[in-house]
Amino acid sequence: MELSPLLNFSPAELTAIRLSLKVALLAVATSLPLGVLVAVILARGRFWGRELLDVLVHLPLILPPVVTGYVLLLLFGRNGPLGRFLADSLGIVFAFRWTGAALASAVMGFPLMVRAIRLSVEAVDRRLEDAAGTLGASPAWVFLTVTLPLVLPGIIAGAILGFARSMGEFGATITFVSNIPGETQTLPTAIYVLTQVPGGDAAALRLTVVSVLLSTAALFASEFASRRVARRVVGL
Amino acid sequence: MSLEVDILRRLGDFTLEARFATDGRLTALFGRSGAGKTTLVNLIAGLLRPERGRIVVDGRVLVDTDRGIHVPKHRRRIGYVFQESRLFPHLTVRQNLLYGRWFTPAAARREELDRVVALLGIGPFLERGPALLSGGERQRVAIGRALLASPRLLLMDEPLASLDEARKSEILPYVERLRDELQVPIVYVSHSIPEVTRLATTMVLLSHGAVAAVGQVAEIMGRVDLFPLTGRYEAGAVLEMRVAAHDERYELTTLKASVGELRVPRIAAAIGAPLRVHIRARDVVLGIAPPEGLSALNVLAGRIAELGPLDGPIVDVRVALDGESLLARVTRLTIDRLALAPGRPVFAIIKSIALDRRSLGKIQPASEKIDVDEITL
């Protein structure tokens, strides 16, 4: 079998791959700290409105992605209340930019990320935190030196899930930032477009293989990292 | 050092209302399960807040609800050794040990890693993870971790409860060393009379959320009226004696005090070493004449000081021996047959076999240093 059609990437395809990785990495990197914070609040917090926050975080999981994308467009579009504010005050523009694709990916991956981290926070033995307190560690130090290291496997799992979700994001992205080659055209949208044009089959297949490889690699990386960290966390 | 506690705390329908002061080197909080011992140490450590009250350690007010003072746990500098060691699983033994030290202001650091490691014999596994340690080793590391934070007071909440007998006797000598060699006063929670009589200088007796008695161990253990609280099975007097001689042929050791002599199975302790002997009331036989033709080796002469309540088959008797007390448990029938009454001269007979290593504890003045191998009983 001739392999060259499978390896013969066009510049446009390489751009889509690079862009997908860039979008996914930015989405995970920016949403991870917030994800940890929300997971801790949901796992530990006892306040009015906790259930509301829980529902809000899970919304992107249950809404059709197109709806999420449209809500993002309404809020963060050029004329949306948040979009205009961010553009005027900080110069951050999401609409039809790759940063908008990252925002859509982050929002869609957020519930998965929070769920993974939250399970891990709930599993932390709080008596260890008490012990750290009696040893002189303030609550902030207890969080940094005991809670966070023990939650690390969950954070890694959450980050990888978020990354994988981001690599596959389609509906919200195409609704919010459209499908502009070189700016917002990620792997899934590129594959979709290629399947719609005559003669695009070979290219669609190439990108599909890349997509499968990247997702599998992410899964392996997360398994490997989790296992290493888990060994450490149980004290072996 | 001194500890003053006067607190009220409600937990569901349980109320802890405790008031006591102690300046002992090792104060035992003794009581049955549910008496409120752990609640009390959690209040001292700052893991719980009292509804009302005051806690003062060495003149430093940690809690005073009237003045709105509640020092948070991480600023109290009170060490805590928990029942389950609670070592940090993500850190090595060495990192666990140094954890609290890192948060201790440099000027307040009293303990050095090398010294604590040597004291507790934990050198061989410094680089290991806590999961690979045995229960006894974990507890020693937990003690070392608390000590290296240079606490003003060390709380130990039944540190031996989760260990089997062999591990318990492995740890006890280390606790004795802490008490005798370090500056830090200890509050030791226990529901085991052998542990308390062996380790404690002072005893706080808790019952149903209230303090029933506070005082020297020998004094509390000698009180017939407290038997229902100290536990009838283990109840008995505590005598302080010295090693007088070893009999190599029969492998016996003679202990001496002003009350007389006791012979016990050979123990490894130097001549002159002070020992604390716990003589359970159930192991003491009373006679009104000097015994003859009896296998028991130990006979102490005294007078009956006090009889316990005469309302059941069994009566507790306190025998005065030259300023000290011995307790005996006999049947009410015996009381009547021998006409036992306060003032009557009696002979107390104790089987040597009853005095095993659980009954004997080392005591050592703080100034003297002893090698731990030498005192293994």
# chains A, B, ... in the order shown; residues from 1 in each chain; ligands from 1
>>> residues_around(residues="Arg10 in chain B", least_positions_apart="5", cutoff="9 Å", atoms="only C-alpha atoms", output="PyMOL selection string")
chain B and resi 15-17+50-51
>>> closest_atom_pairs(of="chain A", to="chain B", cutoff="10 Å", atoms="only C-alpha atoms", output="tab-separated table")
residue	atom	partner	partner_atom	distance
A:Asp125	CA	B:Arg86	CA	9.2
A:Arg127	CA	B:Arg86	CA	7.2
A:Leu128	CA	B:Arg86	CA	5.7
A:Glu129	CA	B:Phe88	CA	9.2
A:Asp130	CA	B:Leu47	CA	7.1
A:Ala131	CA	B:Arg86	CA	6.8
A:Ala132	CA	B:Gly100	CA	7.6
A:Gly133	CA	B:His74	CA	4.8
A:Thr134	CA	B:His74	CA	5.3
A:Leu135	CA	B:Gly100	CA	4.5
A:Gly136	CA	B:His74	CA	4.0
A:Ala137	CA	B:His74	CA	5.5
A:Ser138	CA	B:His74	CA	5.7
A:Pro139	CA	B:His74	CA	8.3
A:Trp141	CA	B:Phe103	CA	9.5
A:Val142	CA	B:His74	CA	9.9
A:Thr145	CA	B:Tyr99	CA	9.4
A:Val146	CA	B:Phe88	CA	7.5
A:Pro149	CA	B:His90	CA	7.2
A:Leu150	CA	B:His90	CA	7.0
A:Val229	CA	B:His90	CA	8.9
A:Ala230	CA	B:His90	CA	9.0
A:Arg231	CA	B:His90	CA	8.7
A:Arg232	CA	B:His90	CA	5.4
A:Val233	CA	B:His90	CA	4.4
A:Val234	CA	B:Pro89	CA	5.2
A:Gly235	CA	B:Pro89	CA	4.0
A:Leu236	CA	B:Gly129	CA	5.0
>>> write_last_selection(atoms="N, CA and C atoms", output="short mmCIF file (atom, residue, chain, number, x, y, z; two decimals), in the first residue's frame")
data_model
loop_
_atom_site.label_atom_id
_atom_site.label_comp_id
_atom_site.auth_asym_id
_atom_site.auth_seq_id
_atom_site.Cartn_x
_atom_site.Cartn_y
_atom_site.Cartn_z
N ASP A 125 -8.08 13.00 52.74
CA ASP A 125 -8.32 12.77 54.15
C ASP A 125 -8.10 14.09 54.91
N ARG A 127 -8.23 14.76 57.89
CA ARG A 127 -7.48 14.66 59.14
C ARG A 127 -6.00 14.96 58.92
N LEU A 128 -5.53 14.72 57.66
CA LEU A 128 -4.14 15.07 57.36
C LEU A 128 -3.97 16.59 57.39
N GLU A 129 -5.01 17.30 56.98
CA GLU A 129 -4.95 18.76 56.98
C GLU A 129 -4.92 19.28 58.42
N ASP A 130 -5.72 18.64 59.29
CA ASP A 130 -5.67 19.00 60.71
C ASP A 130 -4.28 18.80 61.28
N ALA A 131 -3.68 17.64 60.91
CA ALA A 131 -2.33 17.34 61.40
C ALA A 131 -1.35 18.42 60.95
N ALA A 132 -1.46 18.84 59.70
CA ALA A 132 -0.56 19.88 59.19
C ALA A 132 -0.78 21.18 59.96
N GLY A 133 -2.03 21.47 60.30
CA GLY A 133 -2.33 22.68 61.07
C GLY A 133 -1.66 22.66 62.44
N THR A 134 -1.71 21.51 63.13
CA THR A 134 -1.08 21.46 64.45
C THR A 134 0.45 21.56 64.33
N LEU A 135 0.98 21.30 63.13
CA LEU A 135 2.43 21.42 62.93
C LEU A 135 2.83 22.84 62.55
N GLY A 136 1.87 23.74 62.54
CA GLY A 136 2.20 25.15 62.34
C GLY A 136 1.88 25.69 60.95
N ALA A 137 1.28 24.88 60.08
CA ALA A 137 0.98 25.36 58.73
C ALA A 137 -0.34 26.13 58.73
N SER A 138 -0.32 27.34 58.19
CA SER A 138 -1.54 28.14 58.07
C SER A 138 -2.43 27.49 57.02
N PRO A 139 -3.73 27.85 56.99
CA PRO A 139 -4.62 27.22 56.00
C PRO A 139 -4.08 27.30 54.57
N TRP A 141 -0.93 27.43 53.58
CA TRP A 141 0.19 26.47 53.44
C TRP A 141 -0.31 25.04 53.45
N VAL A 142 -1.34 24.77 54.27
CA VAL A 142 -1.92 23.42 54.29
C VAL A 142 -2.42 23.08 52.90
N THR A 145 0.72 22.57 50.54
CA THR A 145 1.68 21.50 50.82
C THR A 145 1.02 20.15 51.08
N VAL A 146 -0.27 20.13 51.39
CA VAL A 146 -0.93 18.85 51.66
C VAL A 146 -2.06 18.60 50.67
N PRO A 149 -0.96 18.63 46.63
CA PRO A 149 -0.23 17.43 46.18
C PRO A 149 -1.10 16.17 46.18
N LEU A 150 -2.01 16.07 47.15
CA LEU A 150 -2.85 14.88 47.21
C LEU A 150 -3.92 14.88 46.12
N VAL A 229 2.09 9.53 39.84
CA VAL A 229 1.72 10.42 40.94
C VAL A 229 0.97 9.63 42.01
N ALA A 230 0.08 8.72 41.58
CA ALA A 230 -0.71 7.96 42.55
C ALA A 230 0.20 7.14 43.44
N ARG A 231 1.24 6.55 42.89
CA ARG A 231 2.18 5.79 43.71
C ARG A 231 2.76 6.67 44.81
N ARG A 232 3.09 7.88 44.43
CA ARG A 232 3.69 8.80 45.39
C ARG A 232 2.65 9.21 46.44
N VAL A 233 1.41 9.42 45.98
CA VAL A 233 0.40 9.96 46.88
C VAL A 233 -0.02 8.94 47.94
N VAL A 234 0.06 7.64 47.63
CA VAL A 234 -0.28 6.67 48.67
C VAL A 234 0.92 6.35 49.57
N GLY A 235 2.05 6.97 49.28
CA GLY A 235 3.17 6.86 50.21
C GLY A 235 4.12 5.71 49.95
N LEU A 236 4.14 5.20 48.72
CA LEU A 236 5.09 4.12 48.42
C LEU A 236 6.46 4.66 48.08
#
>>> residues_around(residues="range 185-190 of chain A", least_positions_apart="3", cutoff="8 Å", atoms="only C-alpha atoms", output="list of chain:residue names")
A:Glu13, A:Ala16, A:Ile17, A:Leu19, A:Ser20, A:Met167, A:Gly168, A:Glu169, A:Phe170, A:Ile174, A:Ser178, A:Asn179, A:Ile180, A:Pro181, A:Gly182, A:Val193, A:Leu194, A:Ala204, A:Leu207, A:Ser211
>>> write_last_selection(atoms="C-alpha atoms", output="CSV table (one decimal), in the first residue's frame")
chain,number,residue,atom,x,y,z
A,13,GLU,CA,-3.6,20.9,7.1
A,16,ALA,CA,-5.1,23.2,11.3
A,17,ILE,CA,-3.1,20.7,13.4
A,19,LEU,CA,-3.9,25.6,15.6
A,20,SER,CA,-5.8,22.7,17.3
A,167,MET,CA,-9.2,18.7,20.6
A,168,GLY,CA,-12.6,17.3,19.6
A,169,GLU,CA,-14.6,20.5,20.1
A,170,PHE,CA,-16.8,21.3,17.1
A,174,ILE,CA,-18.0,26.7,14.7
A,178,SER,CA,-16.9,30.2,12.6
A,179,ASN,CA,-14.4,28.3,10.5
A,180,ILE,CA,-11.7,30.6,9.3
A,181,PRO,CA,-8.6,28.8,7.9
A,182,GLY,CA,-5.5,29.8,9.8
A,193,VAL,CA,-15.1,20.9,5.6
A,194,LEU,CA,-13.0,18.4,3.7
A,204,ALA,CA,-9.9,14.0,5.7
A,207,LEU,CA,-6.4,14.5,9.6
A,211,SER,CA,-6.7,13.2,15.5
>>> residues_around(residues="range 295-301 of chain B", least_positions_apart="6", cutoff="9 Å", atoms="only C-alpha atoms", output="count of residues only")
18
>>> residues_around(residues="Ala21 in chain B", least_positions_apart="6", cutoff="8 Å", atoms="only C-alpha atoms", output="MDAnalysis selection string")
chainID B and resid 2:5
>>> residues_around(residues="Asp316 in chain B", least_positions_apart="3", cutoff="8 Å", atoms="only C-alpha atoms", output="JSON, numbers by chain")
{"B": [224, 281, 307, 308, 309, 327, 328, 329, 330]}
>>> residues_around(residues="Arg52 in chain B", least_positions_apart="2", cutoff="10 Å", atoms="only C-alpha atoms", output="PyMOL selection string")
chain B and resi 6-10+17+49-50+54+63-66+68
>>> atom_distance(atom1="CA of Leu152 in chain A", atom2="CA of Val141 in chain B")
24.7 Å
>>> select_by_dssp(residues="range 108-263 of chain B", states="strand (DSSP E or B)", output="number ranges by chain")
B: 153-157, 186-190, 202-207, 210-216, 236-247, 252-257, 260-263
>>> write_last_selection(atoms="N, CA and C atoms", output="compact mmCIF listing (two decimals), in the first residue's frame")
# COMPACT_ATOMS: atom_id res chain seq x y z
N LEU B 153 3.81 22.03 74.25
CA LEU B 153 3.08 20.96 74.93
C LEU B 153 2.85 19.88 73.88
N LEU B 154 3.00 18.63 74.28
CA LEU B 154 2.79 17.54 73.33
C LEU B 154 1.55 16.75 73.74
N LEU B 155 0.57 16.69 72.83
CA LEU B 155 -0.64 15.91 73.08
C LEU B 155 -0.49 14.55 72.41
N MET B 156 -0.80 13.49 73.13
CA MET B 156 -0.75 12.15 72.53
C MET B 156 -2.10 11.50 72.78
N ASP B 157 -2.86 11.27 71.69
CA ASP B 157 -4.20 10.71 71.82
C ASP B 157 -4.16 9.21 71.58
N ILE B 186 3.91 16.54 78.50
CA ILE B 186 3.07 15.68 77.67
C ILE B 186 1.69 15.50 78.30
N VAL B 187 0.66 15.59 77.46
CA VAL B 187 -0.68 15.18 77.89
C VAL B 187 -1.00 13.91 77.10
N TYR B 188 -1.23 12.83 77.83
CA TYR B 188 -1.32 11.51 77.22
C TYR B 188 -2.70 10.93 77.47
N VAL B 189 -3.47 10.73 76.38
CA VAL B 189 -4.82 10.18 76.51
C VAL B 189 -4.74 8.67 76.50
N SER B 190 -5.43 8.02 77.42
CA SER B 190 -5.40 6.56 77.44
C SER B 190 -6.62 6.00 78.14
N THR B 202 1.01 12.58 86.60
CA THR B 202 -0.25 13.15 87.08
C THR B 202 -1.38 12.50 86.29
N MET B 203 -2.54 12.46 86.89
CA MET B 203 -3.65 11.77 86.24
C MET B 203 -4.91 12.60 86.35
N VAL B 204 -5.60 12.75 85.23
CA VAL B 204 -6.91 13.41 85.24
C VAL B 204 -7.92 12.34 84.86
N LEU B 205 -8.85 12.10 85.76
CA LEU B 205 -9.83 11.04 85.55
C LEU B 205 -11.10 11.65 84.99
N LEU B 206 -11.47 11.25 83.77
CA LEU B 206 -12.67 11.79 83.13
C LEU B 206 -13.78 10.76 83.16
N SER B 207 -14.99 11.23 83.40
CA SER B 207 -16.12 10.32 83.38
C SER B 207 -17.33 11.09 82.88
N ALA B 210 -17.01 14.85 82.42
CA ALA B 210 -16.62 15.71 83.54
C ALA B 210 -15.38 15.14 84.21
N VAL B 211 -14.65 16.01 84.91
CA VAL B 211 -13.44 15.56 85.61
C VAL B 211 -13.86 14.98 86.96
N ALA B 212 -13.54 13.70 87.17
CA ALA B 212 -13.92 13.04 88.43
C ALA B 212 -12.84 13.20 89.48
N ALA B 213 -11.57 13.27 89.06
CA ALA B 213 -10.48 13.43 90.02
C ALA B 213 -9.22 13.86 89.29
N VAL B 214 -8.36 14.61 89.98
CA VAL B 214 -7.06 15.01 89.45
C VAL B 214 -6.04 14.80 90.55
N GLY B 215 -4.87 14.27 90.21
CA GLY B 215 -3.84 14.14 91.25
C GLY B 215 -2.70 13.25 90.80
N GLN B 216 -1.79 12.95 91.74
CA GLN B 216 -0.69 12.05 91.45
C GLN B 216 -1.25 10.66 91.14
N GLY B 236 -5.67 -1.00 91.07
CA GLY B 236 -4.65 -1.46 92.01
C GLY B 236 -3.69 -0.34 92.34
N ALA B 237 -2.94 -0.55 93.43
CA ALA B 237 -2.06 0.52 93.90
C ALA B 237 -0.80 0.63 93.04
N VAL B 238 -0.16 1.78 93.13
CA VAL B 238 1.11 2.01 92.45
C VAL B 238 2.15 2.35 93.51
N LEU B 239 3.23 1.59 93.56
CA LEU B 239 4.30 1.84 94.53
C LEU B 239 5.57 2.22 93.79
N GLU B 240 6.34 3.14 94.36
CA GLU B 240 7.64 3.46 93.77
C GLU B 240 8.71 2.71 94.55
N MET B 241 9.49 1.92 93.84
CA MET B 241 10.50 1.08 94.49
C MET B 241 11.82 1.21 93.75
N ARG B 242 12.87 0.57 94.33
CA ARG B 242 14.18 0.54 93.66
C ARG B 242 14.66 -0.89 93.51
N VAL B 243 15.47 -1.12 92.48
CA VAL B 243 16.04 -2.44 92.29
C VAL B 243 17.10 -2.63 93.36
N ALA B 244 16.96 -3.71 94.20
CA ALA B 244 17.90 -3.91 95.30
C ALA B 244 18.91 -5.00 94.98
N ALA B 245 18.48 -6.07 94.33
CA ALA B 245 19.41 -7.18 94.07
C ALA B 245 18.87 -8.05 92.94
N HIS B 246 19.80 -8.76 92.31
CA HIS B 246 19.40 -9.76 91.32
C HIS B 246 19.81 -11.13 91.84
N ASP B 247 18.93 -12.10 91.73
CA ASP B 247 19.26 -13.47 92.12
C ASP B 247 19.46 -14.25 90.83
N LEU B 252 15.61 -14.06 89.66
CA LEU B 252 14.64 -13.16 90.28
C LEU B 252 15.31 -11.83 90.55
N THR B 253 14.50 -10.78 90.65
CA THR B 253 15.01 -9.47 91.03
C THR B 253 14.27 -9.03 92.28
N THR B 254 15.00 -8.47 93.24
CA THR B 254 14.38 -7.97 94.46
C THR B 254 14.21 -6.46 94.35
N LEU B 255 13.01 -6.00 94.62
CA LEU B 255 12.73 -4.56 94.64
C LEU B 255 12.52 -4.14 96.08
N LYS B 256 12.95 -2.93 96.41
CA LYS B 256 12.88 -2.51 97.80
C LYS B 256 12.26 -1.12 97.90
N ALA B 257 11.51 -0.92 98.97
CA ALA B 257 10.99 0.40 99.33
C ALA B 257 10.77 0.38 100.83
N GLY B 260 8.72 -2.46 102.28
CA GLY B 260 9.22 -3.83 102.32
C GLY B 260 9.85 -4.23 101.00
N GLU B 261 9.94 -5.54 100.80
CA GLU B 261 10.60 -6.06 99.61
C GLU B 261 9.63 -6.85 98.75
N LEU B 262 9.88 -6.80 97.44
CA LEU B 262 9.10 -7.63 96.52
C LEU B 262 10.07 -8.38 95.63
N ARG B 263 9.81 -9.65 95.39
CA ARG B 263 10.62 -10.39 94.42
C ARG B 263 9.81 -10.62 93.15
>>> atom_distance(atom1="CA of Thr27 in chain B", atom2="CA of Leu160 in chain B")
16.0 Å
>>> select_by_dssp(residues="chain A", states="alpha helix (DSSP H)", output="ChimeraX atom specification")
/A:4-7,11-44,50-62,65-76,81-89,98-122,126-134,139-142,148-168,171-177,187-196,201-233
>>> closest_residue(among="A:Leu219, A:Ala172, A:Val114, A:Val124", to="Val151 in chain A", atoms="only C-alpha atoms")
A:Val124
>>> closest_residue(among="A:Leu73, A:Leu144, A:Ala43, A:Leu32", to="Gly162 in chain A", atoms="only C-alpha atoms")
A:Leu32
>>> atom_distance(atom1="CA of Asp164 in chain B", atom2="CA of Asp114 in chain B")
28.2 Å
>>> decode(residues="range 73-90 of chain A", atoms="N, CA, C and O atoms", output="compact mmCIF listing (two decimals), in the first residue's frame")
# COMPACT_ATOMS: atom_id res chain seq x y z
N LEU A 73 -21.44 33.64 21.77
CA LEU A 73 -21.47 34.69 20.76
C LEU A 73 -22.24 35.91 21.28
O LEU A 73 -21.81 37.06 21.10
N LEU A 74 -23.37 35.62 21.95
CA LEU A 74 -24.17 36.72 22.50
C LEU A 74 -23.40 37.49 23.58
O LEU A 74 -23.47 38.70 23.65
N LEU A 75 -22.68 36.74 24.43
CA LEU A 75 -21.98 37.39 25.54
C LEU A 75 -20.66 38.01 25.13
O LEU A 75 -20.31 39.12 25.51
N PHE A 76 -19.89 37.26 24.33
CA PHE A 76 -18.51 37.66 24.04
C PHE A 76 -18.32 38.18 22.61
O PHE A 76 -17.21 38.49 22.20
N GLY A 77 -19.41 38.24 21.82
CA GLY A 77 -19.29 38.79 20.46
C GLY A 77 -18.92 40.27 20.52
O GLY A 77 -18.90 40.87 21.60
N ARG A 78 -18.65 40.84 19.35
CA ARG A 78 -18.22 42.25 19.32
C ARG A 78 -19.22 43.17 20.00
O ARG A 78 -18.84 44.18 20.60
N ASN A 79 -20.50 42.79 19.90
CA ASN A 79 -21.52 43.65 20.51
C ASN A 79 -22.09 43.07 21.80
O ASN A 79 -22.99 43.66 22.40
N GLY A 80 -21.56 41.95 22.21
CA GLY A 80 -22.00 41.36 23.47
C GLY A 80 -21.49 42.18 24.64
O GLY A 80 -20.47 42.87 24.51
N PRO A 81 -22.19 42.14 25.80
CA PRO A 81 -21.80 42.98 26.93
C PRO A 81 -20.38 42.69 27.41
O PRO A 81 -19.59 43.61 27.65
N LEU A 82 -20.03 41.41 27.55
CA LEU A 82 -18.69 41.07 28.04
C LEU A 82 -17.65 41.30 26.96
O LEU A 82 -16.56 41.78 27.22
N GLY A 83 -18.01 40.96 25.70
CA GLY A 83 -17.08 41.10 24.59
C GLY A 83 -16.67 42.56 24.41
O GLY A 83 -15.49 42.86 24.26
N ARG A 84 -17.64 43.45 24.48
CA ARG A 84 -17.33 44.88 24.29
C ARG A 84 -16.46 45.39 25.43
O ARG A 84 -15.48 46.09 25.22
N PHE A 85 -16.84 44.98 26.67
CA PHE A 85 -16.09 45.43 27.84
C PHE A 85 -14.63 44.98 27.75
O PHE A 85 -13.70 45.77 27.93
N LEU A 86 -14.41 43.70 27.42
CA LEU A 86 -13.05 43.18 27.35
C LEU A 86 -12.26 43.83 26.22
O LEU A 86 -11.07 44.13 26.37
N ALA A 87 -12.93 44.07 25.10
CA ALA A 87 -12.25 44.70 23.97
C ALA A 87 -11.85 46.14 24.31
O ALA A 87 -10.74 46.58 24.04
N ASP A 88 -12.76 46.88 24.94
CA ASP A 88 -12.51 48.29 25.27
C ASP A 88 -11.47 48.44 26.37
O ASP A 88 -10.57 49.28 26.29
N SER A 89 -11.63 47.64 27.45
CA SER A 89 -10.77 47.88 28.62
C SER A 89 -9.44 47.14 28.53
O SER A 89 -8.40 47.67 28.91
N LEU A 90 -9.44 45.89 28.05
CA LEU A 90 -8.21 45.11 28.06
C LEU A 90 -7.67 44.81 26.66
O LEU A 90 -6.58 44.27 26.52
